[in-house]
file coords_18.cif (mmCIF, C-alpha atoms and all ligand atoms)
data_model
#
loop_
_atom_site.label_atom_id
_atom_site.label_comp_id
_atom_site.auth_asym_id
_atom_site.auth_seq_id
_atom_site.Cartn_x
_atom_site.Cartn_y
_atom_site.Cartn_z
CA MET A 1 0.00 0.00 0.00
CA ASN A 2 1.35 3.42 -0.95
CA PHE A 3 0.73 5.63 2.08
CA PRO A 4 0.70 9.42 1.79
CA PRO A 5 3.92 11.29 2.50
CA GLU A 6 4.88 11.85 6.12
CA THR A 7 2.86 14.68 7.74
CA LEU A 8 5.62 16.16 9.89
CA PHE A 9 8.95 15.34 11.56
CA LEU A 10 11.75 16.89 13.59
CA ASP A 11 14.97 17.92 11.89
CA ASP A 12 16.95 18.19 15.09
CA ALA A 13 20.27 18.95 13.36
CA HIS A 14 18.74 22.19 12.03
CA SER A 15 16.51 22.80 15.07
CA ALA A 16 13.45 22.75 12.83
CA LEU A 17 10.00 21.19 12.72
CA VAL A 18 9.41 20.12 9.12
CA ILE A 19 5.82 19.90 7.89
CA LEU A 20 4.21 18.81 4.66
CA ASP A 21 2.38 21.97 3.53
CA GLN A 22 -1.16 20.58 3.21
CA SER A 23 -2.48 23.83 1.76
CA LEU A 24 -0.66 22.91 -1.48
CA LEU A 25 -2.04 19.37 -1.81
CA PRO A 26 -2.87 17.55 -3.98
CA GLY A 27 -0.96 19.53 -6.64
CA GLU A 28 2.35 19.92 -4.87
CA VAL A 29 4.13 17.81 -2.26
CA LYS A 30 6.34 20.32 -0.50
CA TYR A 31 7.99 20.25 2.92
CA ILE A 32 8.69 23.49 4.78
CA PRO A 33 10.96 23.94 7.82
CA LEU A 34 9.55 25.89 10.79
CA THR A 35 12.12 27.32 13.15
CA THR A 36 10.22 29.90 15.21
CA LEU A 37 7.16 29.77 17.43
CA GLU A 38 5.43 32.34 15.20
CA GLN A 39 5.96 30.14 12.12
CA VAL A 40 4.44 27.16 13.95
CA TYR A 41 1.47 29.29 15.08
CA ASP A 42 0.87 30.55 11.52
CA ALA A 43 1.22 27.08 9.96
CA ILE A 44 -1.46 25.73 12.32
CA LYS A 45 -3.75 28.74 11.87
CA GLU A 46 -3.42 28.68 8.05
CA LEU A 47 -4.10 24.89 7.91
CA LYS A 48 -0.67 24.06 6.47
CA VAL A 49 -0.74 21.42 9.16
CA ARG A 50 -4.25 20.46 10.27
CA GLY A 51 -6.32 17.65 11.73
CA ALA A 52 -6.67 17.40 15.52
CA PRO A 53 -3.91 14.86 16.29
CA ALA A 54 -1.45 16.40 13.79
CA ILE A 55 -1.77 19.87 15.27
CA GLY A 56 -1.20 18.41 18.75
CA VAL A 57 2.07 16.80 17.63
CA ALA A 58 3.07 19.93 15.66
CA ALA A 59 2.50 22.13 18.72
CA ALA A 60 4.53 19.77 20.96
CA MET A 61 7.42 19.69 18.48
CA GLY A 62 7.12 23.45 17.94
CA ILE A 63 7.48 24.03 21.67
CA TYR A 64 10.56 21.79 21.79
CA ILE A 65 12.24 23.64 18.89
CA HIS A 66 11.41 26.99 20.43
CA MET A 67 12.71 26.08 23.90
CA LYS A 68 15.88 24.54 22.46
CA ARG A 69 16.66 27.75 20.58
CA TYR A 70 15.62 29.88 23.57
CA VAL A 71 18.07 28.05 25.86
CA GLN A 72 20.88 28.31 23.28
CA SER A 73 20.53 32.08 22.98
CA ASN A 74 19.40 33.11 26.48
CA ARG A 75 20.99 30.51 28.81
CA PRO A 76 18.13 30.89 31.35
CA GLU A 77 17.92 29.44 34.86
CA VAL A 78 15.30 26.71 35.43
CA GLY A 79 12.81 29.35 36.66
CA GLY A 80 13.22 31.50 33.51
CA PHE A 81 12.89 28.39 31.34
CA LEU A 82 9.57 27.46 32.95
CA THR A 83 8.20 31.00 32.58
CA GLU A 84 9.01 31.05 28.85
CA LEU A 85 7.58 27.54 28.40
CA GLU A 86 4.30 28.71 29.94
CA ARG A 87 4.17 31.82 27.73
CA ALA A 88 4.93 29.85 24.56
CA GLY A 89 2.32 27.19 25.41
CA VAL A 90 -0.45 29.74 25.97
CA TYR A 91 0.46 31.47 22.68
CA LEU A 92 0.34 28.24 20.61
CA SER A 93 -2.87 27.06 22.28
CA LEU A 94 -4.63 30.10 20.77
CA SER A 95 -3.79 29.12 17.18
CA ARG A 96 -6.94 26.96 16.89
CA PRO A 97 -9.55 26.87 19.67
CA THR A 98 -11.72 23.81 18.95
CA ALA A 99 -9.40 20.78 18.74
CA VAL A 100 -8.62 19.75 22.28
CA ASN A 101 -5.54 17.66 21.32
CA LEU A 102 -3.63 20.88 20.87
CA ARG A 103 -4.08 21.84 24.50
CA TRP A 104 -3.66 18.22 25.60
CA ALA A 105 -0.26 17.92 23.87
CA LEU A 106 0.92 21.26 25.28
CA ARG A 107 -0.12 20.14 28.77
CA GLU A 108 1.81 16.86 28.36
CA MET A 109 4.93 18.86 27.43
CA SER A 110 4.54 21.22 30.36
CA GLU A 111 3.90 18.45 32.89
CA ALA A 112 6.89 16.46 31.61
CA VAL A 113 9.30 19.16 32.78
CA ARG A 114 7.44 20.53 35.78
CA ASN A 115 7.64 17.24 37.64
CA GLN A 116 11.45 17.02 37.25
CA LYS A 117 14.21 18.06 39.61
CA ALA A 118 16.49 19.22 36.78
CA LYS A 119 19.79 20.93 37.52
CA ASN A 120 19.69 23.16 34.46
CA ALA A 121 17.60 24.24 31.46
CA SER A 122 19.53 22.03 28.99
CA GLU A 123 18.35 18.94 30.85
CA LEU A 124 14.78 20.19 30.51
CA VAL A 125 15.24 20.63 26.75
CA HIS A 126 16.23 16.93 26.52
CA ILE A 127 13.09 15.99 28.42
CA LEU A 128 10.94 18.05 26.01
CA HIS A 129 12.64 16.28 23.10
CA SER A 130 11.73 12.81 24.32
CA CYS A 131 8.24 13.93 25.33
CA CYS A 132 7.32 15.28 21.87
CA GLU A 133 8.74 12.18 20.14
CA GLN A 134 6.68 10.03 22.53
CA ILE A 135 3.52 12.03 21.70
CA LYS A 136 4.15 11.30 18.01
CA ASP A 137 4.83 7.56 18.60
CA LYS A 138 1.72 7.35 20.77
CA ASP A 139 -0.37 8.98 18.03
CA ILE A 140 0.71 6.35 15.48
CA GLU A 141 0.12 3.49 17.95
CA THR A 142 -3.31 4.89 18.92
CA ASN A 143 -4.38 5.14 15.29
CA LYS A 144 -3.29 1.57 14.54
CA ARG A 145 -5.45 0.37 17.42
CA ILE A 146 -8.44 2.46 16.27
CA GLY A 147 -7.89 0.86 12.86
CA GLU A 148 -7.91 -2.63 14.31
CA HIS A 149 -11.09 -2.06 16.36
CA GLY A 150 -12.89 -0.23 13.55
CA ALA A 151 -11.98 -2.77 10.87
CA ALA A 152 -14.00 -5.39 12.76
CA LEU A 153 -17.10 -3.43 11.63
CA ILE A 154 -16.18 -3.50 7.95
CA LYS A 155 -17.68 -6.36 5.93
CA PRO A 156 -16.75 -7.17 2.31
CA ASP A 157 -18.29 -4.87 -0.35
CA MET A 158 -19.37 -2.27 2.19
CA GLY A 159 -19.79 1.36 1.19
CA ILE A 160 -18.41 3.86 3.71
CA LEU A 161 -18.97 7.61 3.69
CA THR A 162 -16.48 9.96 5.34
CA HIS A 163 -16.37 13.72 5.84
CA CYS A 164 -13.35 16.05 5.88
CA ASN A 165 -9.95 14.38 6.28
CA ALA A 166 -9.34 12.23 9.33
CA GLY A 167 -6.69 10.23 7.53
CA ALA A 168 -2.94 9.83 7.70
CA LEU A 169 -2.50 13.50 6.82
CA ALA A 170 -4.59 14.60 9.82
CA THR A 171 -2.35 12.60 12.16
CA THR A 172 1.23 11.38 12.06
CA GLY A 173 0.21 8.03 10.56
CA TYR A 174 -2.86 5.98 9.44
CA GLY A 175 -5.44 8.51 10.60
CA THR A 176 -8.43 7.91 12.82
CA ALA A 177 -11.55 7.58 10.63
CA LEU A 178 -9.49 6.23 7.72
CA ALA A 179 -7.45 3.82 9.88
CA PRO A 180 -10.17 1.07 9.87
CA ILE A 181 -10.43 1.50 6.09
CA TYR A 182 -6.65 1.10 5.64
CA TYR A 183 -6.62 -1.84 8.02
CA ALA A 184 -9.43 -3.64 6.14
CA HIS A 185 -7.96 -2.76 2.73
CA GLU A 186 -4.53 -4.15 3.74
CA ARG A 187 -6.23 -7.42 4.62
CA GLY A 188 -7.82 -7.64 1.20
CA VAL A 189 -11.39 -6.66 2.19
CA ARG A 190 -13.10 -5.05 -0.83
CA LEU A 191 -14.80 -1.77 0.08
CA ARG A 192 -15.93 1.53 -1.45
CA VAL A 193 -15.44 4.93 0.12
CA TYR A 194 -17.49 8.07 -0.62
CA ALA A 195 -15.52 11.18 0.31
CA ASP A 196 -17.49 14.39 0.91
CA GLU A 197 -15.52 17.22 -0.69
CA THR A 198 -15.99 19.26 2.53
CA ARG A 199 -16.68 22.90 1.71
CA PRO A 200 -15.19 25.41 2.07
CA VAL A 201 -11.56 24.26 2.43
CA LEU A 202 -12.03 20.97 0.52
CA GLN A 203 -10.14 18.66 2.89
CA GLY A 204 -12.18 15.75 1.48
CA ALA A 205 -11.37 16.48 -2.15
CA ARG A 206 -7.79 17.62 -1.72
CA LEU A 207 -6.63 15.30 1.07
CA THR A 208 -8.94 12.30 1.65
CA ALA A 209 -9.35 11.56 -2.06
CA PHE A 210 -5.59 12.06 -2.51
CA GLU A 211 -4.49 9.70 0.23
CA LEU A 212 -7.08 6.97 -0.41
CA GLN A 213 -6.40 6.95 -4.15
CA ARG A 214 -2.66 6.73 -3.46
CA ALA A 215 -3.26 3.78 -1.15
CA GLY A 216 -5.27 1.99 -3.85
CA VAL A 217 -8.61 2.24 -2.00
CA ASP A 218 -11.74 2.55 -4.20
CA VAL A 219 -12.76 6.17 -3.51
CA THR A 220 -15.50 8.28 -5.09
CA LEU A 221 -15.56 12.02 -4.51
CA ILE A 222 -18.96 13.68 -3.96
CA CYS A 223 -20.05 17.24 -3.17
CA ASP A 224 -21.35 17.63 0.37
CA ASN A 225 -24.91 18.09 -0.91
CA MET A 226 -24.84 14.67 -2.60
CA ALA A 227 -24.59 12.61 0.60
CA ALA A 228 -28.38 12.14 0.79
CA THR A 229 -28.42 10.86 -2.78
CA VAL A 230 -25.73 8.21 -2.29
CA MET A 231 -27.44 7.14 0.94
CA ALA A 232 -30.87 6.99 -0.71
CA ASN A 233 -29.31 4.89 -3.50
CA GLY A 234 -28.33 2.34 -0.85
CA TRP A 235 -24.61 2.78 -1.49
CA VAL A 236 -23.60 3.65 2.07
CA ASP A 237 -23.50 1.01 4.83
CA ALA A 238 -21.65 3.03 7.47
CA VAL A 239 -20.29 6.51 8.15
CA PHE A 240 -16.84 6.94 9.71
CA VAL A 241 -15.72 10.40 10.80
CA GLY A 242 -13.03 11.84 13.06
CA CYS A 243 -13.47 14.41 15.79
CA ASP A 244 -11.87 17.50 17.28
CA ARG A 245 -13.43 17.32 20.70
CA VAL A 246 -15.86 14.99 22.48
CA ALA A 247 -17.75 16.50 25.41
CA ALA A 248 -18.43 14.46 28.55
CA ASN A 249 -22.00 13.65 27.36
CA GLY A 250 -20.85 12.39 23.92
CA ASP A 251 -21.65 15.55 21.91
CA THR A 252 -18.90 15.76 19.32
CA ALA A 253 -17.29 18.64 17.45
CA ASN A 254 -15.94 17.84 14.00
CA LYS A 255 -15.61 19.59 10.65
CA ILE A 256 -18.60 21.71 9.63
CA GLY A 257 -21.14 19.50 7.86
CA THR A 258 -20.63 16.45 10.10
CA HIS A 259 -23.87 17.16 12.00
CA GLY A 260 -25.81 17.15 8.71
CA VAL A 261 -24.27 13.82 7.72
CA ALA A 262 -25.26 12.36 11.11
CA ILE A 263 -28.88 13.51 10.64
CA LEU A 264 -28.95 11.91 7.20
CA ALA A 265 -27.44 8.68 8.52
CA LYS A 266 -30.19 8.50 11.16
CA ARG A 267 -32.85 9.10 8.47
CA PHE A 268 -31.46 6.26 6.33
CA ASN A 269 -30.76 3.96 9.29
CA ILE A 270 -27.02 3.91 8.63
CA PRO A 271 -24.62 3.48 11.59
CA PHE A 272 -22.61 6.62 12.35
CA TYR A 273 -19.21 5.97 13.95
CA VAL A 274 -16.88 8.58 15.42
CA CYS A 275 -13.22 7.55 15.59
CA ALA A 276 -11.88 9.20 18.72
CA PRO A 277 -8.48 8.92 20.35
CA PHE A 278 -8.85 9.36 24.13
CA SER A 279 -6.90 12.61 23.82
CA THR A 280 -9.96 14.15 22.09
CA ILE A 281 -12.32 13.24 24.92
CA ASP A 282 -12.65 16.32 27.10
CA ARG A 283 -14.27 15.56 30.45
CA ASP A 284 -13.90 19.23 31.40
CA THR A 285 -16.43 20.15 28.70
CA SER A 286 -19.87 18.98 29.89
CA THR A 287 -21.87 19.26 26.65
CA GLY A 288 -21.46 20.35 23.05
CA ALA A 289 -22.86 23.78 23.95
CA ASP A 290 -19.63 24.46 25.89
CA ILE A 291 -17.33 23.75 22.91
CA VAL A 292 -15.76 26.87 21.41
CA ILE A 293 -16.31 26.83 17.64
CA GLU A 294 -13.65 28.47 15.51
CA GLU A 295 -14.91 30.96 12.91
CA ARG A 296 -12.71 31.46 9.88
CA ASP A 297 -12.05 34.06 7.20
CA PRO A 298 -15.12 34.74 4.99
CA ALA A 299 -12.79 34.64 1.96
CA GLU A 300 -12.63 30.83 2.35
CA ILE A 301 -16.25 30.86 1.09
CA THR A 302 -16.27 33.82 -1.28
CA ASP A 303 -12.84 33.74 -2.93
CA LEU A 304 -10.68 30.73 -2.14
CA TRP A 305 -10.32 28.37 -5.15
CA TYR A 306 -12.01 30.86 -7.52
CA THR A 307 -10.29 33.02 -10.14
CA LYS A 308 -12.72 35.84 -9.30
CA PRO A 309 -14.95 36.48 -6.25
CA MET A 310 -18.02 34.22 -6.26
CA ALA A 311 -20.21 36.35 -4.00
CA PRO A 312 -21.23 40.01 -4.06
CA LEU A 313 -18.60 42.20 -2.45
CA GLY A 314 -19.38 42.93 1.20
CA VAL A 315 -22.04 40.21 1.58
CA LYS A 316 -22.39 38.92 5.16
CA VAL A 317 -20.72 35.53 5.58
CA PHE A 318 -20.95 32.97 8.38
CA ASN A 319 -18.02 30.54 8.29
CA PRO A 320 -17.89 28.25 11.34
CA SER A 321 -15.14 25.68 10.92
CA PHE A 322 -16.82 22.97 13.02
CA ASP A 323 -20.25 21.85 14.18
CA VAL A 324 -21.43 19.72 17.06
CA THR A 325 -23.14 16.40 16.48
CA PRO A 326 -25.38 15.50 19.45
CA GLY A 327 -24.33 12.26 21.12
CA GLU A 328 -27.79 10.75 20.42
CA LEU A 329 -26.96 10.62 16.68
CA ILE A 330 -23.71 8.68 17.26
CA THR A 331 -23.89 4.89 17.10
CA ALA A 332 -20.54 4.36 18.83
CA PHE A 333 -17.10 5.83 19.38
CA ILE A 334 -14.18 3.78 18.11
CA THR A 335 -11.21 4.43 20.40
CA GLU A 336 -7.77 2.89 20.86
CA LYS A 337 -9.22 1.02 23.85
CA GLY A 338 -12.18 -0.39 21.93
CA MET A 339 -15.76 0.65 21.18
CA ILE A 340 -17.82 2.92 23.42
CA ASN A 341 -21.54 2.43 22.87
CA ALA A 342 -24.44 4.64 24.00
CA PRO A 343 -25.39 5.82 26.58
CA PHE A 344 -22.31 8.04 26.69
O1 LIG B 1 -10.01 22.18 9.95
P1 LIG B 1 -9.34 20.84 9.95
O2 LIG B 1 -8.92 20.40 8.58
O3 LIG B 1 -8.23 20.77 10.95
O4 LIG B 1 -10.49 19.86 10.44
C1 LIG B 1 -10.16 18.52 10.65
C2 LIG B 1 -11.30 17.69 11.10
O5 LIG B 1 -12.39 18.16 11.32
C3 LIG B 1 -11.00 16.25 11.37
O6 LIG B 1 -12.11 15.45 11.11
C4 LIG B 1 -10.60 16.09 12.85
O7 LIG B 1 -9.60 17.01 13.18
C5 LIG B 1 -10.15 14.73 13.15
S1 LIG B 1 -8.59 14.37 12.43
C6 LIG B 1 -8.16 12.80 12.85
#
call {"tool": "encode", "arguments": {"input": "coords_18.cif", "output": "structure tokens", "more": "lines below"}}
Ligand code: MRU
result
Amino acid sequence: MNFPPETLFLDDAHSALVILDQSLLPGEVKYIPLTTLEQVYDAIKELKVRGAPAIGVAAAMGIYIHMKRYVQSNRPEVGGFLTELERAGVYLSLSRPTAVNLRWALREMSEAVRNQKAKNASELVHILHSCCEQIKDKDIETNKRIGEHGAALIKPDMGILTHCNAGALATTGYGTALAPIYYAHERGVRLRVYADETRPVLQGARLTAFELQRAGVDVTLICDNMAATVMANGWVDAVFVGCDRVAANGDTANKIGTHGVAILAKRFNIPFYVCAPFSTIDRDTSTGADIVIEERDPAEITDLWYTKPMAPLGVKVFNPSFDVTPGELITAFITEKGMINAPF
């Protein structure tokens, strides 16, 4: 199977976090080095690296690179190191508000050094290095397990619909919602995938279709407003999506449009599965109403992808990046520890 190119990695010799610039896919496969905290912030904000688990790993590695460079140029005491670490973490956590993995990964990094009795700041930099590599390794391991558990639901000749990109590119390997599909495909199970194009940023068309086609999976691209048609035709046996945050009651934030897909799945009696690493389950958020939804630049709707504006100048635009699917529409969560069935 031909997996997509690596999402991101550390180039420690050059003190850089290297990311695959996803804003250029599928046309161009280009890696860019990020050496400052501001570059990491911008890359996350501008969706050059995106997908909840991938931005968590990118933030952790970005913090490591920043603190390594900070120690080299400022030679701080342990106290000064911890103050800068706190400042940098708060700054990066503001790059995208909805995905909870970002804050989770930053907390892991902070806790890794705060519980140490280090003699100097250089020792703390080493600890940050191993912590961010562990977060990446854990992400890959988690996704493999989600793949294994989810693949048990996939029967030969099934049609699966997915929304946005919760694949290898949204993580550091395999993906969450696409992991069961890869797992089944590797074992020779024949299946069909319908990928919603996912307006307005087209993660489904540009990324999901790209990586599934590359892996040799039978994928058909549809516009978001065609999901009801493929379901009514009887072509969809299950929906698999990823998530950015799961509230304590099971309400789930994911890419805008996911809620609509869940309503359709209910209407057509199709199981709706959310693939959720435990790092996206946020017990501190009681219900979906408490999840902060990121709103993005209106130009993503009016101008992006077009050679000329496709809406009257100055028209009011509402561009929420995510929506919340109520837990009651979710058949089950597929996690690295197994399935979680209702009631949540
Ligand atoms: O805005 P994006 O592209 O970061 O949105 C991504 C999604 O909504 C994914 O479904 C989610 O992050 C899960 S990725 C495994």
call {"tool": "residues_near_point", "arguments": {"input": "coords_18.cif", "point": "(-11.1, -2.8, 16.4)", "cutoff": "12 Å", "atoms": "all atoms listed in the file", "output": "mmCIF file with C-alpha atoms, keeping the file's coordinate frame"}}
result
data_model
loop_
_atom_site.group_PDB
_atom_site.id
_atom_site.type_symbol
_atom_site.label_atom_id
_atom_site.label_comp_id
_atom_site.auth_asym_id
_atom_site.auth_seq_id
_atom_site.Cartn_x
_atom_site.Cartn_y
_atom_site.Cartn_z
ATOM 1 C CA THR A 142 -3.310 4.890 18.920
ATOM 2 C CA ASN A 143 -4.380 5.140 15.290
ATOM 3 C CA LYS A 144 -3.290 1.570 14.540
ATOM 4 C CA ARG A 145 -5.450 0.370 17.420
ATOM 5 C CA ILE A 146 -8.440 2.460 16.270
ATOM 6 C CA GLY A 147 -7.890 0.860 12.860
ATOM 7 C CA GLU A 148 -7.910 -2.630 14.310
ATOM 8 C CA HIS A 149 -11.090 -2.060 16.360
ATOM 9 C CA GLY A 150 -12.890 -0.230 13.550
ATOM 10 C CA ALA A 151 -11.980 -2.770 10.870
ATOM 11 C CA ALA A 152 -14.000 -5.390 12.760
ATOM 12 C CA LEU A 153 -17.100 -3.430 11.630
ATOM 13 C CA ILE A 154 -16.180 -3.500 7.950
ATOM 14 C CA THR A 176 -8.430 7.910 12.820
ATOM 15 C CA ALA A 177 -11.550 7.580 10.630
ATOM 16 C CA ALA A 179 -7.450 3.820 9.880
ATOM 17 C CA PRO A 180 -10.170 1.070 9.870
ATOM 18 C CA ILE A 181 -10.430 1.500 6.090
ATOM 19 C CA TYR A 183 -6.620 -1.840 8.020
ATOM 20 C CA ALA A 184 -9.430 -3.640 6.140
ATOM 21 C CA CYS A 275 -13.220 7.550 15.590
ATOM 22 C CA PHE A 333 -17.100 5.830 19.380
ATOM 23 C CA ILE A 334 -14.180 3.780 18.110
ATOM 24 C CA THR A 335 -11.210 4.430 20.400
ATOM 25 C CA GLU A 336 -7.770 2.890 20.860
ATOM 26 C CA LYS A 337 -9.220 1.020 23.850
ATOM 27 C CA GLY A 338 -12.180 -0.390 21.930
ATOM 28 C CA MET A 339 -15.760 0.650 21.180
ATOM 29 C CA ILE A 340 -17.820 2.920 23.420
#
call {"tool": "closest_atom_pairs", "arguments": {"input": "coords_18.cif", "of": "chain A", "to": "ligand LIG 1 (chain B)", "cutoff": "8 Å", "atoms": "only C-alpha atoms and all ligand atoms", "output": "tab-separated table"}}
result
residue	atom	partner	partner_atom	distance
A:Leu47	CA	B:LIG1	O3	6.6
A:Val49	CA	B:LIG1	O3	7.7
A:Arg50	CA	B:LIG1	O3	4.0
A:Gly51	CA	B:LIG1	O7	3.6
A:Ala52	CA	B:LIG1	O7	3.8
A:Pro53	CA	B:LIG1	C6	5.8
A:Ala54	CA	B:LIG1	S1	7.5
A:Ile55	CA	B:LIG1	O3	7.8
A:Ala99	CA	B:LIG1	O7	6.7
A:His163	CA	B:LIG1	O6	7.0
A:Cys164	CA	B:LIG1	O6	5.4
A:Asn165	CA	B:LIG1	O6	5.4
A:Ala166	CA	B:LIG1	C6	3.8
A:Gly167	CA	B:LIG1	C6	6.1
A:Ala168	CA	B:LIG1	C6	7.9
A:Ala170	CA	B:LIG1	S1	4.8
A:Thr171	CA	B:LIG1	C6	5.9
A:Gly175	CA	B:LIG1	C6	5.6
A:Thr176	CA	B:LIG1	C6	4.9
A:Ala177	CA	B:LIG1	C6	6.6
A:Val201	CA	B:LIG1	O2	7.7
A:Gln203	CA	B:LIG1	O2	6.1
A:Val241	CA	B:LIG1	O6	6.2
A:Gly242	CA	B:LIG1	C5	4.1
A:Cys243	CA	B:LIG1	C5	4.3
A:Asp244	CA	B:LIG1	O7	4.7
A:Ala253	CA	B:LIG1	O5	7.9
A:Asn254	CA	B:LIG1	O5	4.5
A:Lys255	CA	B:LIG1	O5	3.6
A:Ile256	CA	B:LIG1	O5	7.4
A:Cys275	CA	B:LIG1	C6	7.8
A:Ala276	CA	B:LIG1	C6	7.8
A:Ser321	CA	B:LIG1	O1	6.3
A:Phe322	CA	B:LIG1	O5	6.8
call {"tool": "residues_around", "arguments": {"input": "coords_18.cif", "residues": "His126 of chain A", "least_positions_apart": "4", "cutoff": "12 Å", "atoms": "all atoms listed in the file", "output": "list in words"}}
result
Asp12, Tyr64, Ile65, Met67, Lys68, Val71, Met109, Ala112, Val113, Gln116, Ala118, Asn120, Ala121, Ser122, Ser130, Cys131, Cys132 and Glu133 of chain A
call {"tool": "atom_distance", "arguments": {"input": "coords_18.cif", "atom1": "atom CA of Ala311 of chain A", "atom2": "atom CA of Gly257 of chain A"}}
result
20.6 Å
call {"tool": "atom_distance", "arguments": {"input": "coords_18.cif", "atom1": "atom CA of Glu295 of chain A", "atom2": "atom CA of Asn249 of chain A"}}
result
23.6 Å
call {"tool": "residues_around", "arguments": {"input": "coords_18.cif", "residues": "Ala289 of chain A", "least_positions_apart": "3", "cutoff": "12 Å", "atoms": "all atoms listed in the file", "output": "ChimeraX atom specification"}}
result
/A:245-253,285-286,292-293,323-327
call {"tool": "residues_around", "arguments": {"input": "coords_18.cif", "residues": "Ile44 of chain A", "least_positions_apart": "2", "cutoff": "9 Å", "atoms": "all atoms listed in the file", "output": "compact mmCIF listing (two decimals) with C-alpha atoms, keeping the file's coordinate frame"}}
result
# COMPACT_ATOMS: atom_id res chain seq x y z
CA GLN A 39 5.96 30.14 12.12
CA VAL A 40 4.44 27.16 13.95
CA TYR A 41 1.47 29.29 15.08
CA ASP A 42 0.87 30.55 11.52
CA GLU A 46 -3.42 28.68 8.05
CA LEU A 47 -4.10 24.89 7.91
CA LYS A 48 -0.67 24.06 6.47
CA VAL A 49 -0.74 21.42 9.16
CA ARG A 50 -4.25 20.46 10.27
CA ILE A 55 -1.77 19.87 15.27
CA ALA A 58 3.07 19.93 15.66
CA ALA A 59 2.50 22.13 18.72
CA LEU A 92 0.34 28.24 20.61
CA SER A 95 -3.79 29.12 17.18
CA ARG A 96 -6.94 26.96 16.89
call {"tool": "residues_around", "arguments": {"input": "coords_18.cif", "residues": "Leu212 of chain A", "least_positions_apart": "5", "cutoff": "12 Å", "atoms": "all atoms listed in the file", "output": "PyMOL selection string"}}
result
chain A and resi 1-4+26+162+165-169+174-175+177-179+181-182+185+191-195+204-207+217-221
call {"tool": "residues_around", "arguments": {"input": "coords_18.cif", "residues": "Asp137 of chain A", "least_positions_apart": "6", "cutoff": "10 Å", "atoms": "all atoms listed in the file", "output": "ChimeraX atom specification"}}
result
/A:57,131,172-173
call {"tool": "write_last_selection", "arguments": {"input": "coords_18.cif", "atoms": "C-alpha atoms", "output": "mmCIF file, keeping the file's coordinate frame"}}
result
data_model
loop_
_atom_site.group_PDB
_atom_site.id
_atom_site.type_symbol
_atom_site.label_atom_id
_atom_site.label_comp_id
_atom_site.auth_asym_id
_atom_site.auth_seq_id
_atom_site.Cartn_x
_atom_site.Cartn_y
_atom_site.Cartn_z
ATOM 1 C CA VAL A 57 2.070 16.800 17.630
ATOM 2 C CA CYS A 131 8.240 13.930 25.330
ATOM 3 C CA THR A 172 1.230 11.380 12.060
ATOM 4 C CA GLY A 173 0.210 8.030 10.560
#
call {"tool": "atom_distance", "arguments": {"input": "coords_18.cif", "atom1": "atom CA of His259 of chain A", "atom2": "atom CA of Asp139 of chain A"}}
result
25.6 Å
call {"tool": "residues_near_point", "arguments": {"input": "coords_18.cif", "point": "(-18.9, 35.0, 0.0)", "cutoff": "8 Å", "atoms": "all atoms listed in the file", "output": "list in words"}}
result
Pro298, Ala299, Glu300, Ile301, Thr302, Asp303, Pro309, Met310, Ala311, Pro312, Leu313, Val315, Lys316 and Val317 of chain A
call {"tool": "closest_residue", "arguments": {"input": "coords_18.cif", "among": "A:His66, A:Gly159, A:Gly56, A:Leu10", "to": "Ile32 of chain A", "atoms": "only C-alpha atoms"}}
result
A:Leu10
call {"tool": "closest_residue", "arguments": {"input": "coords_18.cif", "among": "A:Pro156, A:Pro343, A:Gly79, A:Pro97", "to": "Arg114 of chain A", "atoms": "all atoms listed in the file"}}
result
A:Gly79
call {"tool": "build_atoms", "arguments": {"input": "coords_18.cif", "residues": "segment 311-319 of chain A", "atoms": "N, CA and C atoms", "output": "short mmCIF file (atom, residue, chain, number, x, y, z; two decimals), in the coordinates of the input"}}
result
data_model
loop_
_atom_site.label_atom_id
_atom_site.label_comp_id
_atom_site.auth_asym_id
_atom_site.auth_seq_id
_atom_site.Cartn_x
_atom_site.Cartn_y
_atom_site.Cartn_z
N ALA A 311 -19.09 35.82 -4.79
CA ALA A 311 -20.21 36.35 -4.00
C ALA A 311 -20.13 37.87 -4.12
N PRO A 312 -21.29 38.56 -3.96
CA PRO A 312 -21.23 40.01 -4.06
C PRO A 312 -20.30 40.59 -3.00
N LEU A 313 -19.53 41.57 -3.38
CA LEU A 313 -18.60 42.20 -2.45
C LEU A 313 -19.34 42.70 -1.22
N GLY A 314 -18.81 42.42 -0.04
CA GLY A 314 -19.38 42.93 1.20
C GLY A 314 -20.54 42.12 1.74
N VAL A 315 -20.92 41.02 1.08
CA VAL A 315 -22.04 40.21 1.58
C VAL A 315 -21.67 39.64 2.96
N LYS A 316 -22.67 39.50 3.83
CA LYS A 316 -22.39 38.92 5.16
C LYS A 316 -22.10 37.44 4.96
N VAL A 317 -21.10 36.94 5.69
CA VAL A 317 -20.72 35.53 5.58
C VAL A 317 -20.63 34.94 6.98
N PHE A 318 -21.11 33.72 7.12
CA PHE A 318 -20.95 32.97 8.38
C PHE A 318 -20.10 31.75 8.04
N ASN A 319 -18.93 31.63 8.66
CA ASN A 319 -18.02 30.54 8.29
C ASN A 319 -17.49 29.79 9.52
#
